[in-house]
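Next comes upload-v2.cif, a file with mmCIF, C-alpha atoms.
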data_protein
#
loop_
_atom_site.label_atom_id
_atom_site.label_comp_id
_atom_site.auth_asym_id
_atom_site.auth_seq_id
_atom_site.Cartn_x
_atom_site.Cartn_y
_atom_site.Cartn_z
CA MET A 1326 0.00 0.00 0.00
CA LYS A 1327 1.28 3.42 -0.91
CA TYR A 1328 1.61 6.05 1.78
CA THR A 1329 -0.12 8.91 -0.02
CA GLN A 1330 -2.88 11.37 0.79
CA THR A 1331 -5.14 9.53 -1.68
CA THR A 1332 -4.67 6.27 0.23
CA LEU A 1333 -5.37 8.05 3.50
CA ASP A 1334 -8.54 9.59 2.04
CA LYS A 1335 -9.76 6.15 0.91
CA LEU A 1336 -9.10 4.64 4.34
CA GLU A 1337 -10.89 7.53 6.07
CA ASP A 1338 -13.92 6.89 3.86
CA ILE A 1339 -14.52 3.42 5.35
CA PRO A 1340 -15.44 4.46 8.90
CA GLU A 1341 -17.06 7.68 7.72
CA GLN A 1342 -19.39 5.80 5.35
CA SER A 1343 -20.39 3.57 8.29
CA GLY A 1344 -21.43 6.56 10.37
CA TYR A 1345 -18.25 7.16 12.37
CA ILE A 1346 -16.89 10.64 12.87
CA LEU A 1347 -13.11 10.86 12.44
CA ARG A 1348 -11.37 13.63 14.31
CA TYR A 1349 -7.69 14.49 14.51
CA GLU A 1350 -6.88 15.87 17.95
CA ARG A 1351 -4.03 16.29 20.41
CA GLY A 1352 -3.75 13.71 23.13
CA THR A 1353 -1.66 11.00 24.68
CA PHE A 1354 -2.78 8.02 22.64
CA GLN A 1355 -0.48 5.04 23.13
CA SER A 1356 -1.95 3.37 20.06
CA GLY A 1357 -2.44 6.56 18.04
CA TYR A 1358 -6.21 6.56 18.42
CA CYS A 1359 -9.17 6.45 20.79
CA ILE A 1360 -12.60 4.99 19.99
CA LEU A 1361 -15.75 6.35 21.61
CA GLU A 1362 -18.05 3.46 20.65
CA SER A 1363 -21.32 4.83 22.02
CA LYS A 1364 -20.94 8.02 19.95
CA LYS A 1365 -19.27 6.40 16.92
CA VAL A 1366 -16.39 8.86 17.19
CA VAL A 1367 -12.78 7.96 16.46
CA VAL A 1368 -10.10 10.37 17.61
CA LEU A 1369 -6.73 10.03 15.91
CA ASN A 1370 -3.46 11.62 16.98
CA LYS A 1371 -3.16 14.77 14.89
CA PHE A 1372 0.63 14.76 15.13
CA LEU A 1373 0.97 11.55 13.10
CA GLN A 1374 2.32 11.97 9.59
CA ILE A 1375 0.52 10.35 6.62
CA GLU A 1376 2.32 7.02 7.06
CA GLY A 1377 1.39 6.89 10.75
CA ARG A 1378 -2.22 7.83 10.02
CA ILE A 1379 -2.50 5.11 7.37
CA ASN A 1380 -0.96 2.48 9.66
CA THR A 1381 -3.22 3.56 12.52
CA LEU A 1382 -6.34 3.32 10.36
CA MET A 1383 -5.22 -0.12 9.11
CA ASP A 1384 -5.00 -1.28 12.74
CA LEU A 1385 -8.20 0.48 13.75
CA ILE A 1386 -10.66 -0.46 11.00
CA PRO A 1387 -10.91 -4.18 11.95
CA GLN A 1388 -12.01 -3.12 15.46
CA LEU A 1389 -14.91 -1.00 14.25
CA GLU A 1390 -18.44 -2.16 13.53
CA ILE A 1391 -18.49 -1.54 9.79
CA ASP A 1392 -21.67 -2.11 7.80
CA ILE A 1393 -20.26 -3.24 4.47
CA ASP A 1394 -23.58 -2.54 2.73
CA GLN A 1395 -23.18 1.18 3.45
CA LEU A 1396 -19.80 1.31 1.71
CA THR A 1397 -19.21 2.26 -1.91
CA ASP A 1398 -17.83 -0.49 -4.15
CA GLU A 1399 -14.31 0.93 -3.90
CA ALA A 1400 -14.53 1.20 -0.10
CA GLN A 1401 -15.90 -2.37 0.09
CA ARG A 1402 -12.92 -3.73 -1.86
CA LEU A 1403 -10.47 -1.87 0.37
CA TYR A 1404 -12.31 -2.97 3.53
CA LEU A 1405 -12.29 -6.63 2.45
CA SER A 1406 -8.58 -6.34 1.65
CA ILE A 1407 -7.87 -4.90 5.12
CA MET A 1408 -9.94 -7.59 6.82
CA SER A 1409 -8.18 -10.32 4.83
CA LYS A 1410 -4.77 -9.01 5.90
CA TYR A 1411 -5.98 -8.73 9.50
CA GLU A 1412 -7.32 -12.31 9.53
CA ASN A 1413 -4.11 -13.63 7.95
CA ALA A 1414 -2.07 -11.85 10.62
CA GLN A 1415 -4.29 -13.30 13.36
CA ASN A 1416 -3.94 -16.80 11.89
CA ALA A 1417 -0.17 -16.40 11.74
CA LEU A 1418 -0.14 -15.42 15.42
CA ASP A 1419 -2.23 -18.49 16.28
CA VAL A 1420 0.25 -20.74 14.44
CA GLU A 1421 3.22 -19.14 16.21
CA ASN A 1422 1.54 -19.25 19.63
CA PRO A 1423 -0.86 -22.20 19.70
CA GLU A 1424 -1.35 -21.83 23.47
CA ASN A 1425 -3.07 -18.47 22.80
CA SER A 1426 -5.56 -19.85 20.30
CA GLU A 1427 -9.00 -20.86 21.45
CA THR A 1428 -9.64 -24.55 21.91
CA PRO A 1429 -13.13 -26.02 22.13
CA ALA A 1430 -14.25 -27.18 25.55
CA SER A 1431 -14.68 -30.94 26.00
#
What would the structure in this file look like if it were written as structure tokens?
Amino acid sequence: MKYTQTTLDKLEDIPEQSGYILRYERGTFQSGYCILESKKVVVLNKFLQIEGRINTLMDLIPQLEIDIDQLTDEAQRLYLSIMSKYENAQNALDVENPENSETPAS
């Protein structure tokens, strides 16, 4: 993924099209963002450069309740790509640390 303003704009569209309000504010965010679920507000660290904002949104989007039907076709493709990468990363972690993966109860 390219670290450009266009890429950032496309990533910002995903939560916005699902009813979230994105705000860039000052704050001490260890992860670069804060989610106010009840108000559907996401506050991102305004001091992050484009690369940091893109990486933060890539980490953040899988945690949000996104209604894929509200997204444009382009946003849907990007969202599905992000979710695929997220799931692949989670599966890789489960393979590396099998004790952390969920096992069915007997």
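In this structure, CA of Leu1361 (chain A) sits 22.4 Å away from CA of Gln1374 (chain A).
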For CA of Tyr1345 (chain A) and CA of Leu1418 (chain A), determine how far apart the two atoms are, in Å to one decimal place.
-> 29.1 Å
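For the pair CA of Val1366 (chain A) and CA of Gly1352 (chain A), the separation is 14.8 Å.
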I'd like the residues picked by the PyMOL selection byres ((chain A and resi 1397) around 12) written out as a CSV table (one decimal) with C-alpha atoms, in the frame of the given file, using the chain letters and numbers from the file.
chain,number,residue,atom,x,y,z
A,1335,LYS,CA,-9.8,6.2,0.9
A,1338,ASP,CA,-13.9,6.9,3.9
A,1339,ILE,CA,-14.5,3.4,5.4
A,1340,PRO,CA,-15.4,4.5,8.9
A,1341,GLU,CA,-17.1,7.7,7.7
A,1342,GLN,CA,-19.4,5.8,5.4
A,1343,SER,CA,-20.4,3.6,8.3
A,1392,ASP,CA,-21.7,-2.1,7.8
A,1393,ILE,CA,-20.3,-3.2,4.5
A,1394,ASP,CA,-23.6,-2.5,2.7
A,1395,GLN,CA,-23.2,1.2,3.4
A,1396,LEU,CA,-19.8,1.3,1.7
A,1398,ASP,CA,-17.8,-0.5,-4.2
A,1399,GLU,CA,-14.3,0.9,-3.9
A,1400,ALA,CA,-14.5,1.2,-0.1
A,1401,GLN,CA,-15.9,-2.4,0.1
A,1402,ARG,CA,-12.9,-3.7,-1.9
A,1403,LEU,CA,-10.5,-1.9,0.4
A,1404,TYR,CA,-12.3,-3.0,3.5
Evaluate the PyMOL selection byres ((chain A and resi 1381) around 12) and report residues as a PDB file with C-alpha atoms, in the frame of the given file:
ATOM      1  CA  LEU A1333      -5.370   8.050   3.500  1.00  0.00           C
ATOM      2  CA  LEU A1336      -9.100   4.640   4.340  1.00  0.00           C
ATOM      3  CA  GLU A1337     -10.890   7.530   6.070  1.00  0.00           C
ATOM      4  CA  TYR A1349      -7.690  14.490  14.510  1.00  0.00           C
ATOM      5  CA  PHE A1354      -2.780   8.020  22.640  1.00  0.00           C
ATOM      6  CA  GLN A1355      -0.480   5.040  23.130  1.00  0.00           C
ATOM      7  CA  SER A1356      -1.950   3.370  20.060  1.00  0.00           C
ATOM      8  CA  GLY A1357      -2.440   6.560  18.040  1.00  0.00           C
ATOM      9  CA  TYR A1358      -6.210   6.560  18.420  1.00  0.00           C
ATOM     10  CA  CYS A1359      -9.170   6.450  20.790  1.00  0.00           C
ATOM     11  CA  VAL A1367     -12.780   7.960  16.460  1.00  0.00           C
ATOM     12  CA  VAL A1368     -10.100  10.370  17.610  1.00  0.00           C
ATOM     13  CA  LEU A1369      -6.730  10.030  15.910  1.00  0.00           C
ATOM     14  CA  ASN A1370      -3.460  11.620  16.980  1.00  0.00           C
ATOM     15  CA  LYS A1371      -3.160  14.770  14.890  1.00  0.00           C
ATOM     16  CA  LEU A1373       0.970  11.550  13.100  1.00  0.00           C
ATOM     17  CA  GLN A1374       2.320  11.970   9.590  1.00  0.00           C
ATOM     18  CA  ILE A1375       0.520  10.350   6.620  1.00  0.00           C
ATOM     19  CA  GLU A1376       2.320   7.020   7.060  1.00  0.00           C
ATOM     20  CA  GLY A1377       1.390   6.890  10.750  1.00  0.00           C
ATOM     21  CA  ARG A1378      -2.220   7.830  10.020  1.00  0.00           C
ATOM     22  CA  ILE A1379      -2.500   5.110   7.370  1.00  0.00           C
ATOM     23  CA  ASN A1380      -0.960   2.480   9.660  1.00  0.00           C
ATOM     24  CA  LEU A1382      -6.340   3.320  10.360  1.00  0.00           C
ATOM     25  CA  MET A1383      -5.220  -0.120   9.110  1.00  0.00           C
ATOM     26  CA  ASP A1384      -5.000  -1.280  12.740  1.00  0.00           C
ATOM     27  CA  LEU A1385      -8.200   0.480  13.750  1.00  0.00           C
ATOM     28  CA  ILE A1386     -10.660  -0.460  11.000  1.00  0.00           C
ATOM     29  CA  PRO A1387     -10.910  -4.180  11.950  1.00  0.00           C
ATOM     30  CA  GLN A1388     -12.010  -3.120  15.460  1.00  0.00           C
TER      31      GLN A1388
END
All file atoms of region 1359-1371 of chain A boxed axis-aligned, 8 Å per side, centre plus edges, as AutoDock Vina command-line options:
--center_x -12.2 --center_y 9.1 --center_z 18.5 --size_x 34.2 --size_y 27.3 --size_z 23.1
